Structures are given as C-alpha cells and as structure tokens.
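The structure appears below as structure tokens.
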Amino acid sequence: MRSLEQIFREAFAGIDVTVNGDRPWDIQVHNSKFYERVVGGGSLAFGESYMEGWWDCEALDQFFFRVFHHRLHKKLPVFNYGFLLLAVAAKLKNLQSKSRAKQVAFKHYDIGNELFEKMLDSRMMYSCGYWEKANNLEEAQEAKLELICRKLKLEKGMSVLEIGCGWGGFAKYAAENYGVSVTALTISEQQAILARELNEGFPVEIRLQDYRDVNGKFDRVVSIAMLEAVGYRNYREYMEVASRCLSDDGLFLIHTIGGGHDAKTTDPWIDKYIFPNGVIPSASQLSKSWQGLFVLEDWHNFGLYYDPTLMAWLENFEESWDSIKADYDETFYRMWRYYLCASAATFRARYNQLWHIVLTKRQSFNVYQGVR
C-alpha cells in the first residue's frame with residue numbers, strides 16, 4: 001500500500017513538481033507530518049502549514065500555476081472540512097449581511113494603510129491594472145482608470161456614485177480629469193480616513209456607509225472590486241440599489257473578478273486569513289441578478305492582466321518588507337506572500353477572470369458603443 005507521501009509525490013510529479021527538488025517551482029517539505037495534515041485539513045491546512053514553515057517554495061506563483069492549470073487541488077485525496085463548514089454556514093445564513101459586512105474591513109483593509117501604500121501604485125488602486133500598453137504598475141493602473149472613465153462616457157458636471165471606493169483613487173481621477181462629482185462609499189474606517197485626505201479640494205464625498213443604505217439619483221454608477229464582497233444571496237439587492245440610484249439614461253459599470261461556476265463560498269484559507277465572507281460571482285449568477293433591471297451593453301474580460309498586477313504588488317511588498325516588518329511578523333509575511341502568489345496563479349491558469357460589465361437601464365434607448 002502506498003504511503004501518503006508517495007501519493008503526494010506522484011501527484012506533484014504529474015504536474016512537473018518534485019518534492020524536495022532543486023527547481024524554483026519545486027516544493028521543499030520540512031515536516032513529515034505535512035501530508036497527513038493536508039489530507040485531514042484540505043486547503044486550509046495547506047496554507048497554514050506554509051505559514052508555519054512546514055514547507056517552502058522559491059517560486060510559489062509558478063508552483064500554484066501548475067496546481068491550478070492541472071486542477072490538482074480537485075484531485076488530491078483530501079478532506080476539505082473547512083469548505084464543508086463554509087458551505088453549511090452559507091446555506092443557513094446570509095454571510096454578507098449588513099451586520100457582518102465590516103468583518104472584511106477589519107480583517108483586511110484596516111490592517112494598516114502603510115502596507116498598502118508600499119505595495120500599491122501611487123493612487124492606491126487595489127484592483128487589476130490594464131496592461132495592454134503599460135510598462136509598469138503605475139501605467140497599468142492609470143490606464144485602467146482611464147478605460148473606466150471612457151467606458152462610462154463621463155462628461156463635466158455629471159454625478160457619479162461609486163459603490164466601494166477603496167482609498168479614493170478612482171474618485172480623485174474622475175473628478176480631476178473629467179470634472180465630475182463623486183459620492184464614494186466604503187465600510188473601512190482606515191480607507192475613509194486616507195480617501196478623504198487624498199480627495200481634499202475635489203468635489204468628492206467619502207461616505208462610511210453600507211451600499212444598501214444609499215439613496216439619491218446619479219448620472220453614473222461604478223463599482224470597482226467590491227462585488228466579490230456582496231455574496232450570492234445579495235446580488236439581486238446590489239443590482240436593485242444600483243438601479244434605484246441610476247438615472248434612466250445612465251450607465252453602470254462593474255469591475256469584478258469572475259469565476260467559472262456558481263459559488264456560494266470561497267476557499268477556507270482565503271476566508272479565514274484574507275477576505276472573510278468573500279465570494280467570486282459567476283456569469284450566470286450575475287446575469288440572473290440583473291434580469292428586469294438592466295440591459296447588458298458590454299462584457300470585457302482581461303483576467304490575464306491580473307497576473308502581472310499581483311506580481312507587481314508582490315515585488316513592491318517584498319522590497320518594502322524591511323521598512324514595515326516591525327508592525328507584523330514572519331507568519332504574516334509568509335501569509336501575504338502565499339496570498340499574492342496563489343492569486344496570481346489563478347489568473348495565469350485562467351481559473352479566474354476579470355470582467356468589466358457595462359449595463360444600462362431598460363428605460364434607456366441610447367446605443368452604447370463599447371471602448372477598449
């Protein structure tokens with residue numbers, strides 16, 4: 001009978017990964033109990049064992065690319081109890097209710113603005129850049145902002161509602177370059193503080209407010225990298241809020257990660273350490289959620305651009321570690337590196353996508369011309 005170690009070694013060999021090999025994407029196992037731990041704990045145990053130093057990999061992104069490209073995580077003989085618990089919880093209650101919404105802000109966005117200032121571009125855009133003609137992260141993020149503004153067909157004097165504003169980078173860019181006024185929502189206190197500082201002097205209002213509580217009418221509605229926090233139970237309400245707040249001849253743009261199946265939960269490790277209660281939506285879930293409210297005008301996929309975005313963040317994070325590590329520890333460093341590398345690999349392997357979706361209300365009779 002084959003041992004667990006033999007089973008794992010053979011499975012890894014099938015994706016060109018050698019346990020204790022000497023190539024950058026080979027993994028180095030330091031604890032013989034690693035295999036038993038992963039079989040019993042699934043992806044949560046896999047991530048935690050890396051955080052605790054049970055195994056290493058020089059090119060973690062290349063390792064995970066092979067895992068996701070070959071769907072190895074679906075083939076290994078593991079009991080993913082963490083996923084089972086999340087699935088049961090998602091079935092029994094709304095994991096993204098208003099009372100639970102601030103969990104992701106506390107766990108992720110409020111861990112310290114300095115970390116994100118060091119890792120991101122100068123505008124602190126924490127979403128996929130547009131690398132078609134860009135040579136670096138700064139150019140890619142500016143190109144993304146310009147692309148969104150062009151897709152929204154912004155004109156001077158327009159009012160814009162931004163659902164999920166991060167540190168206010170889009171709001172400032174749109175106000176400064178297109179002469180629009182922006183009402184921007186966040187549930188993160190740390191984000192709100194810095195966003196107000198960055199937007200001082202511009203017609204931008206930063207609100208510490210749940211999207212479900214917003215009212216008013218706006219010429220445009222935009223939501224960048226926020227839909228992943230909404231949850232499948234709330235997609236319809238999210239669309240209803242956007243419809244309620246959008247003028248009849250307005251445009252609504254969604255920038256979101258997209259998945260290939262109808263998910264109700266996320267990976268247990270991601271849920272515990274990175275994005276509590278996050279869920280990546282599918283095309284079918286979103287299409288169903290806007291039925292009767294919006295007309296689909298444009299759907300643009302540039303998920304492959306998230307790979308260089310995440311790798312640029314990783315490079316900035318590692319280069320800045322010495323200047324910020326006094327506020328964290330080695331476990332955090334390994335956790336953050338694991339998160340960025342694994343995420344990059346999901347896009348490189350086409351496991352996840354990045355979508356721009358442009359919608360109009362059914363009352364609009366203008367022909368929309370898409371831009372790239």
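In the structure tokens, chains take the letters A, B, ... in the order shown, each chain's residues start at 1, and ligands count up from 1 in the order shown.
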Using DSSP on the backbone coordinates, identify the residues of stretch 223-317 of chain A assigned to alpha helix (DSSP H); present them as a ChimeraX atom specification. /A:235-245,268-273,283-289,306-317
Would you put the residues from that selection into a file with N, CA and C atoms, as a JSON list (two decimals), in the first residue's frame?
```json
[["chain", "number", "residue", "atom", "x", "y", "z"],
["A", 235, "TYR", "N", -26.81, 39.50, -4.47],
["A", 235, "TYR", "CA", -26.56, 40.04, -5.80],
["A", 235, "TYR", "C", -27.77, 40.84, -6.31],
["A", 236, "ARG", "N", -28.95, 40.31, -6.10],
["A", 236, "ARG", "CA", -30.15, 40.99, -6.59],
["A", 236, "ARG", "C", -30.32, 42.35, -5.90],
["A", 237, "GLU", "N", -30.15, 42.39, -4.59],
["A", 237, "GLU", "CA", -30.30, 43.66, -3.88],
["A", 237, "GLU", "C", -29.24, 44.66, -4.33],
["A", 238, "TYR", "N", -28.04, 44.20, -4.56],
["A", 238, "TYR", "CA", -26.96, 45.05, -5.07],
["A", 238, "TYR", "C", -27.38, 45.68, -6.40],
["A", 239, "MET", "N", -27.94, 44.88, -7.29],
["A", 239, "MET", "CA", -28.40, 45.40, -8.58],
["A", 239, "MET", "C", -29.58, 46.35, -8.41],
["A", 240, "GLU", "N", -30.45, 46.05, -7.47],
["A", 240, "GLU", "CA", -31.60, 46.92, -7.22],
["A", 240, "GLU", "C", -31.15, 48.28, -6.69],
["A", 241, "VAL", "N", -30.15, 48.29, -5.84],
["A", 241, "VAL", "CA", -29.62, 49.56, -5.33],
["A", 241, "VAL", "C", -29.04, 50.38, -6.48],
["A", 242, "ALA", "N", -28.25, 49.73, -7.33],
["A", 242, "ALA", "CA", -27.67, 50.44, -8.47],
["A", 242, "ALA", "C", -28.76, 50.98, -9.39],
["A", 243, "SER", "N", -29.78, 50.19, -9.62],
["A", 243, "SER", "CA", -30.89, 50.62, -10.48],
["A", 243, "SER", "C", -31.64, 51.79, -9.86],
["A", 244, "ARG", "N", -31.87, 51.71, -8.56],
["A", 244, "ARG", "CA", -32.58, 52.77, -7.85],
["A", 244, "ARG", "C", -31.83, 54.10, -7.91],
["A", 245, "CYS", "N", -30.50, 54.02, -7.89],
["A", 245, "CYS", "CA", -29.69, 55.23, -7.83],
["A", 245, "CYS", "C", -29.26, 55.76, -9.19],
["A", 268, "PRO", "N", -11.49, 28.10, 2.08],
["A", 268, "PRO", "CA", -11.43, 28.26, 3.54],
["A", 268, "PRO", "C", -10.23, 29.07, 4.03],
["A", 269, "TRP", "N", -9.07, 28.89, 3.40],
["A", 269, "TRP", "CA", -7.89, 29.66, 3.82],
["A", 269, "TRP", "C", -8.08, 31.14, 3.51],
["A", 270, "ILE", "N", -8.57, 31.44, 2.33],
["A", 270, "ILE", "CA", -8.84, 32.83, 1.95],
["A", 270, "ILE", "C", -9.87, 33.43, 2.90],
["A", 271, "ASP", "N", -10.90, 32.67, 3.24],
["A", 271, "ASP", "CA", -11.95, 33.16, 4.12],
["A", 271, "ASP", "C", -11.41, 33.47, 5.51],
["A", 272, "LYS", "N", -10.53, 32.65, 6.02],
["A", 272, "LYS", "CA", -10.03, 32.82, 7.38],
["A", 272, "LYS", "C", -8.99, 33.93, 7.49],
["A", 273, "TYR", "N", -8.13, 34.06, 6.48],
["A", 273, "TYR", "CA", -6.98, 34.95, 6.63],
["A", 273, "TYR", "C", -7.00, 36.20, 5.76],
["A", 283, "ALA", "N", -20.82, 34.16, -14.24],
["A", 283, "ALA", "CA", -21.57, 34.88, -15.27],
["A", 283, "ALA", "C", -23.06, 34.61, -15.14],
["A", 284, "SER", "N", -23.42, 33.37, -14.86],
["A", 284, "SER", "CA", -24.84, 33.03, -14.77],
["A", 284, "SER", "C", -25.49, 33.68, -13.55],
["A", 285, "GLN", "N", -24.78, 33.73, -12.43],
["A", 285, "GLN", "CA", -25.34, 34.37, -11.23],
["A", 285, "GLN", "C", -25.59, 35.86, -11.48],
["A", 286, "LEU", "N", -24.64, 36.52, -12.13],
["A", 286, "LEU", "CA", -24.80, 37.95, -12.38],
["A", 286, "LEU", "C", -25.89, 38.23, -13.39],
["A", 287, "SER", "N", -25.92, 37.45, -14.46],
["A", 287, "SER", "CA", -26.95, 37.65, -15.48],
["A", 287, "SER", "C", -28.35, 37.51, -14.89],
["A", 288, "LYS", "N", -28.51, 36.54, -14.03],
["A", 288, "LYS", "CA", -29.80, 36.35, -13.38],
["A", 288, "LYS", "C", -30.13, 37.51, -12.44],
["A", 289, "SER", "N", -29.12, 38.06, -11.78],
["A", 289, "SER", "CA", -29.36, 39.09, -10.77],
["A", 289, "SER", "C", -29.84, 40.41, -11.35],
["A", 306, "TYR", "N", -4.47, 40.42, -14.48],
["A", 306, "TYR", "CA", -4.36, 40.40, -13.01],
["A", 306, "TYR", "C", -3.06, 39.72, -12.57],
["A", 307, "ASP", "N", -2.55, 38.83, -13.40],
["A", 307, "ASP", "CA", -1.28, 38.16, -13.07],
["A", 307, "ASP", "C", -0.14, 39.17, -12.90],
["A", 308, "PRO", "N", 0.16, 40.01, -13.90],
["A", 308, "PRO", "CA", 1.24, 40.99, -13.69],
["A", 308, "PRO", "C", 0.92, 42.02, -12.62],
["A", 309, "THR", "N", -0.37, 42.32, -12.41],
["A", 309, "THR", "CA", -0.73, 43.25, -11.34],
["A", 309, "THR", "C", -0.33, 42.68, -9.98],
["A", 310, "LEU", "N", -0.71, 41.44, -9.73],
["A", 310, "LEU", "CA", -0.41, 40.80, -8.45],
["A", 310, "LEU", "C", 1.09, 40.58, -8.27],
["A", 311, "MET", "N", 1.78, 40.25, -9.34],
["A", 311, "MET", "CA", 3.22, 40.05, -9.22],
["A", 311, "MET", "C", 3.95, 41.37, -8.96],
["A", 312, "ALA", "N", 3.41, 42.47, -9.49],
["A", 312, "ALA", "CA", 3.99, 43.79, -9.18],
["A", 312, "ALA", "C", 3.75, 44.13, -7.72],
["A", 313, "TRP", "N", 2.57, 43.79, -7.20],
["A", 313, "TRP", "CA", 2.30, 44.01, -5.77],
["A", 313, "TRP", "C", 3.26, 43.18, -4.92],
["A", 314, "LEU", "N", 3.49, 41.94, -5.33],
["A", 314, "LEU", "CA", 4.41, 41.07, -4.60],
["A", 314, "LEU", "C", 5.82, 41.67, -4.57],
["A", 315, "GLU", "N", 6.27, 42.15, -5.70],
["A", 315, "GLU", "CA", 7.61, 42.76, -5.77],
["A", 315, "GLU", "C", 7.71, 43.97, -4.85],
["A", 316, "ASN", "N", 6.68, 44.82, -4.88],
["A", 316, "ASN", "CA", 6.68, 46.00, -4.00],
["A", 316, "ASN", "C", 6.65, 45.60, -2.53],
["A", 317, "PHE", "N", 5.83, 44.61, -2.22],
["A", 317, "PHE", "CA", 5.72, 44.13, -0.84],
["A", 317, "PHE", "C", 7.06, 43.60, -0.34]]
```
As a PyMOL selection string, please: the residues near stretch 62-73 of chain A (cut-off 12 Å, only C-alpha atoms, same-chain neighbours under 2 positions excluded). chain A and resi 8+10-19+23-28+38-39+42-44+46-47+56-60+75-80+267+307+311+338-352
Store the residues picked out above in a file with N, CA and C atoms, as a compact mmCIF listing (two decimals), in the first residue's frame.
```txt
# COMPACT_ATOMS: atom_id res chain seq x y z
N PHE A 8 1.31 11.82 -2.68
CA PHE A 8 1.53 13.24 -2.96
C PHE A 8 2.69 13.43 -3.94
N GLU A 10 3.70 11.43 -6.26
CA GLU A 10 3.26 11.05 -7.60
C GLU A 10 2.32 12.10 -8.19
N ALA A 11 1.43 12.63 -7.35
CA ALA A 11 0.51 13.66 -7.83
C ALA A 11 1.26 14.91 -8.25
N PHE A 12 2.23 15.33 -7.44
CA PHE A 12 3.03 16.50 -7.78
C PHE A 12 3.88 16.24 -9.03
N ALA A 13 4.40 15.04 -9.16
CA ALA A 13 5.21 14.71 -10.34
C ALA A 13 4.38 14.83 -11.61
N GLY A 14 3.08 14.56 -11.50
CA GLY A 14 2.19 14.67 -12.65
C GLY A 14 2.00 16.08 -13.15
N ILE A 15 2.35 17.08 -12.33
CA ILE A 15 2.28 18.48 -12.76
C ILE A 15 3.67 19.10 -12.84
N ASP A 16 4.67 18.24 -12.93
CA ASP A 16 6.07 18.66 -13.07
C ASP A 16 6.58 19.39 -11.84
N VAL A 17 6.18 18.92 -10.67
CA VAL A 17 6.70 19.44 -9.40
C VAL A 17 7.35 18.28 -8.65
N THR A 18 8.58 18.47 -8.22
CA THR A 18 9.29 17.44 -7.48
C THR A 18 9.41 17.85 -6.01
N VAL A 19 8.97 16.97 -5.13
CA VAL A 19 9.12 17.23 -3.71
C VAL A 19 10.61 17.20 -3.36
N ARG A 23 14.39 22.86 -8.57
CA ARG A 23 13.90 23.90 -9.46
C ARG A 23 13.09 24.92 -8.67
N PRO A 24 12.96 26.14 -9.17
CA PRO A 24 12.28 27.19 -8.39
C PRO A 24 10.85 26.83 -7.99
N TRP A 25 10.14 26.06 -8.82
CA TRP A 25 8.74 25.74 -8.52
C TRP A 25 8.58 24.42 -7.75
N ASP A 26 9.66 23.74 -7.45
CA ASP A 26 9.59 22.54 -6.62
C ASP A 26 9.38 22.94 -5.16
N ILE A 27 8.66 22.10 -4.41
CA ILE A 27 8.43 22.42 -3.01
C ILE A 27 9.40 21.64 -2.12
N GLN A 28 9.76 22.27 -1.02
CA GLN A 28 10.66 21.68 -0.04
C GLN A 28 9.85 21.37 1.22
N VAL A 38 -2.45 17.82 5.48
CA VAL A 38 -3.19 18.32 4.32
C VAL A 38 -4.36 17.40 3.98
N VAL A 39 -4.16 16.10 4.08
CA VAL A 39 -5.26 15.16 3.82
C VAL A 39 -6.42 15.42 4.77
N GLY A 42 -7.31 19.80 4.16
CA GLY A 42 -7.55 20.42 2.86
C GLY A 42 -6.76 21.70 2.64
N SER A 43 -7.36 22.62 1.90
CA SER A 43 -6.66 23.85 1.50
C SER A 43 -6.31 24.74 2.70
N LEU A 44 -7.13 24.69 3.75
CA LEU A 44 -6.82 25.47 4.95
C LEU A 44 -5.52 24.97 5.57
N PHE A 46 -3.20 23.30 4.03
CA PHE A 46 -2.11 23.53 3.07
C PHE A 46 -1.53 24.93 3.27
N GLY A 47 -2.42 25.92 3.38
CA GLY A 47 -1.96 27.30 3.58
C GLY A 47 -1.36 27.53 4.95
N ASP A 56 8.30 24.96 1.89
CA ASP A 56 8.71 26.19 1.21
C ASP A 56 8.71 25.99 -0.29
N CYS A 57 8.75 27.10 -0.99
CA CYS A 57 8.88 27.08 -2.45
C CYS A 57 9.41 28.43 -2.88
N GLU A 58 10.48 28.43 -3.63
CA GLU A 58 11.09 29.69 -4.06
C GLU A 58 10.17 30.48 -4.99
N ALA A 59 9.63 29.81 -6.00
CA ALA A 59 8.71 30.46 -6.96
C ALA A 59 7.31 29.95 -6.70
N LEU A 60 6.70 30.46 -5.65
CA LEU A 60 5.40 29.98 -5.21
C LEU A 60 4.34 30.19 -6.28
N LYS A 75 -8.03 17.01 -7.29
CA LYS A 75 -7.73 15.59 -7.49
C LYS A 75 -7.06 14.92 -6.29
N LEU A 76 -6.44 15.71 -5.42
CA LEU A 76 -5.75 15.12 -4.28
C LEU A 76 -6.75 14.53 -3.28
N PRO A 77 -6.38 13.45 -2.59
CA PRO A 77 -7.29 12.79 -1.65
C PRO A 77 -7.35 13.52 -0.31
N VAL A 78 -7.98 14.69 -0.32
CA VAL A 78 -8.04 15.48 0.91
C VAL A 78 -9.48 15.67 1.34
N PHE A 79 -9.67 15.82 2.64
CA PHE A 79 -10.99 16.14 3.18
C PHE A 79 -11.01 17.63 3.51
N ASN A 80 -11.69 18.39 2.70
CA ASN A 80 -11.69 19.84 2.86
C ASN A 80 -12.80 20.25 3.82
N ASP A 267 -12.63 29.86 -0.80
CA ASP A 267 -11.68 28.92 -0.23
C ASP A 267 -11.54 29.15 1.27
N ASP A 307 -2.55 38.83 -13.40
CA ASP A 307 -1.28 38.16 -13.07
C ASP A 307 -0.14 39.17 -12.90
N MET A 311 1.78 40.25 -9.34
CA MET A 311 3.22 40.05 -9.22
C MET A 311 3.95 41.37 -8.96
N TYR A 338 1.94 34.08 0.23
CA TYR A 338 1.11 32.95 -0.21
C TYR A 338 -0.14 33.47 -0.92
N TYR A 339 -0.78 34.46 -0.32
CA TYR A 339 -1.99 35.06 -0.89
C TYR A 339 -1.73 35.66 -2.26
N LEU A 340 -0.69 36.46 -2.39
CA LEU A 340 -0.41 37.14 -3.66
C LEU A 340 0.00 36.14 -4.75
N CYS A 341 0.84 35.19 -4.41
CA CYS A 341 1.32 34.22 -5.40
C CYS A 341 0.20 33.28 -5.85
N ALA A 342 -0.57 32.77 -4.91
CA ALA A 342 -1.67 31.87 -5.27
C ALA A 342 -2.71 32.60 -6.11
N SER A 343 -3.00 33.85 -5.75
CA SER A 343 -3.98 34.62 -6.51
C SER A 343 -3.49 34.86 -7.94
N ALA A 344 -2.23 35.25 -8.09
CA ALA A 344 -1.67 35.46 -9.43
C ALA A 344 -1.81 34.20 -10.27
N ALA A 345 -1.56 33.06 -9.66
CA ALA A 345 -1.61 31.79 -10.39
C ALA A 345 -3.01 31.46 -10.88
N THR A 346 -4.04 31.84 -10.13
CA THR A 346 -5.41 31.53 -10.58
C THR A 346 -5.74 32.26 -11.87
N PHE A 347 -5.21 33.46 -12.05
CA PHE A 347 -5.46 34.20 -13.29
C PHE A 347 -4.55 33.71 -14.42
N ARG A 348 -3.31 33.40 -14.10
CA ARG A 348 -2.37 32.89 -15.11
C ARG A 348 -2.89 31.58 -15.70
N ALA A 349 -3.52 30.76 -14.86
CA ALA A 349 -4.04 29.47 -15.30
C ALA A 349 -5.45 29.58 -15.88
N ARG A 350 -5.99 30.77 -15.99
CA ARG A 350 -7.35 31.04 -16.48
C ARG A 350 -8.42 30.39 -15.59
N TYR A 351 -8.08 30.21 -14.32
CA TYR A 351 -9.04 29.67 -13.36
C TYR A 351 -10.01 30.76 -12.94
N ASN A 352 -9.52 31.98 -12.79
CA ASN A 352 -10.35 33.15 -12.52
C ASN A 352 -10.20 34.15 -13.65
```
Shortest contact to A:Gly303, candidates A:Asp249, A:Glu48, A:Glu132, A:Glu176, atoms counted only C-alpha atoms, goes to A:Glu132
Selection near A:Val221, 8 Å with only C-alpha atoms, sequence-local residues under 5 positions removed, as a ChimeraX atom specification: /A:160-163,242,245-246,250-253
Please identify all polymer residues within 8 Å of A:Arg362, counting only C-alpha atoms, omitting same-chain residues fewer than 6 positions from it, and present them as a list in words. Asp248, Gly292, Leu293, Phe294 and Val295 of chain A
Here atom CA of A:Glu5 and atom CA of A:Asn31 stand apart by 11.2 Å
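Here atom CA of A:Asn277 stands at a distance of 9.5 Å from atom CA of A:Asn94.
Between A:Tyr173 and the candidates A:Ser3, A:Asn301, A:Thr360, A:Ser122, the tightest atom-to-atom separation, counting only C-alpha atoms, involves A:Ser122.
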Fewer than 6 positions away in the same chain doesn't count, so skip those; otherwise give me all residues within 9 Å of A:Gly164, counting only C-alpha atoms, as number ranges by chain. A: 184-187, 210-211, 222-227
Have a look at atom CA of A:Leu296 and atom CA of A:Thr256 and let me know their distance in Å, one decimal. 15.2 Å
Find the spatial neighbours of A:Leu154, counting only C-alpha atoms, within a cut-off of 10 Å - ignore same-chain residues fewer than 4 positions away - and output them as a PyMOL selection string. chain A and resi 148-150+158-160+174-175+177-180+219-220+251
For the selection you just gave me, I'd like the residues written to a file as a PDB file, in the first residue's frame, keeping N, CA and C atoms.
```pdb
ATOM      1  N   ILE A 148     -12.014  52.962 -17.567  1.00  0.00           N
ATOM      2  CA  ILE A 148     -13.310  53.003 -16.884  1.00  0.00           C
ATOM      3  C   ILE A 148     -14.031  54.310 -17.178  1.00  0.00           C
ATOM      4  N   CYS A 149     -13.312  55.410 -17.112  1.00  0.00           N
ATOM      5  CA  CYS A 149     -13.932  56.711 -17.383  1.00  0.00           C
ATOM      6  C   CYS A 149     -14.454  56.786 -18.813  1.00  0.00           C
ATOM      7  N   ARG A 150     -13.709  56.233 -19.755  1.00  0.00           N
ATOM      8  CA  ARG A 150     -14.145  56.239 -21.149  1.00  0.00           C
ATOM      9  C   ARG A 150     -15.344  55.322 -21.347  1.00  0.00           C
ATOM     10  N   MET A 158     -21.280  65.814 -14.482  1.00  0.00           N
ATOM     11  CA  MET A 158     -22.032  64.613 -14.130  1.00  0.00           C
ATOM     12  C   MET A 158     -21.818  64.245 -12.665  1.00  0.00           C
ATOM     13  N   SER A 159     -22.799  63.534 -12.119  1.00  0.00           N
ATOM     14  CA  SER A 159     -22.689  62.998 -10.761  1.00  0.00           C
ATOM     15  C   SER A 159     -22.456  61.495 -10.847  1.00  0.00           C
ATOM     16  N   VAL A 160     -21.539  61.001 -10.012  1.00  0.00           N
ATOM     17  CA  VAL A 160     -21.154  59.590 -10.048  1.00  0.00           C
ATOM     18  C   VAL A 160     -21.271  58.996  -8.652  1.00  0.00           C
ATOM     19  N   ALA A 174     -11.371  60.659 -11.576  1.00  0.00           N
ATOM     20  CA  ALA A 174     -12.539  61.081 -12.347  1.00  0.00           C
ATOM     21  C   ALA A 174     -12.862  62.551 -12.109  1.00  0.00           C
ATOM     22  N   ALA A 175     -12.778  62.991 -10.854  1.00  0.00           N
ATOM     23  CA  ALA A 175     -13.068  64.394 -10.538  1.00  0.00           C
ATOM     24  C   ALA A 175     -12.028  65.320 -11.152  1.00  0.00           C
ATOM     25  N   ASN A 177      -9.852  64.717 -13.723  1.00  0.00           N
ATOM     26  CA  ASN A 177      -9.658  64.652 -15.169  1.00  0.00           C
ATOM     27  C   ASN A 177     -10.933  64.809 -15.985  1.00  0.00           C
ATOM     28  N   TYR A 178     -12.092  64.594 -15.370  1.00  0.00           N
ATOM     29  CA  TYR A 178     -13.344  64.659 -16.117  1.00  0.00           C
ATOM     30  C   TYR A 178     -14.341  65.660 -15.554  1.00  0.00           C
ATOM     31  N   GLY A 179     -14.007  66.308 -14.449  1.00  0.00           N
ATOM     32  CA  GLY A 179     -14.872  67.346 -13.915  1.00  0.00           C
ATOM     33  C   GLY A 179     -16.196  66.862 -13.373  1.00  0.00           C
ATOM     34  N   VAL A 180     -16.231  65.630 -12.863  1.00  0.00           N
ATOM     35  CA  VAL A 180     -17.463  65.086 -12.291  1.00  0.00           C
ATOM     36  C   VAL A 180     -17.413  65.186 -10.768  1.00  0.00           C
ATOM     37  N   ASP A 219     -25.893  60.227 -12.384  1.00  0.00           N
ATOM     38  CA  ASP A 219     -25.762  60.013 -13.826  1.00  0.00           C
ATOM     39  C   ASP A 219     -25.017  58.723 -14.146  1.00  0.00           C
ATOM     40  N   ARG A 220     -24.116  58.340 -13.270  1.00  0.00           N
ATOM     41  CA  ARG A 220     -23.332  57.133 -13.476  1.00  0.00           C
ATOM     42  C   ARG A 220     -23.162  56.410 -12.141  1.00  0.00           C
ATOM     43  N   LEU A 251     -25.338  55.017 -17.033  1.00  0.00           N
ATOM     44  CA  LEU A 251     -24.524  53.825 -17.257  1.00  0.00           C
ATOM     45  C   LEU A 251     -24.022  53.287 -15.920  1.00  0.00           C
TER      46      LEU A 251
END
```
Please provide the set of residues having any atom within 9 Å of A:Gly258, restricted to only C-alpha atoms, with same-chain residues fewer than 6 positions apart removed, written as a ChimeraX atom specification. /A:228,280-283,303,352-355
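For the residues A:Gly168, A:Gly216, A:Gly129, A:Gly260, ranking by smallest atom-to-atom distance to A:Ser247 using only C-alpha atoms places A:Gly216 first.
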Nearest to A:His255 among A:Tyr130, A:Tyr232, A:Trp336, A:Phe218, with distances taken over only C-alpha atoms: which residue is it? A:Tyr130
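Proximity of A:Lys144, A:Arg123, A:Gly201, A:Leu304 to A:Gly166, computed with only C-alpha atoms, is greatest for A:Arg123.
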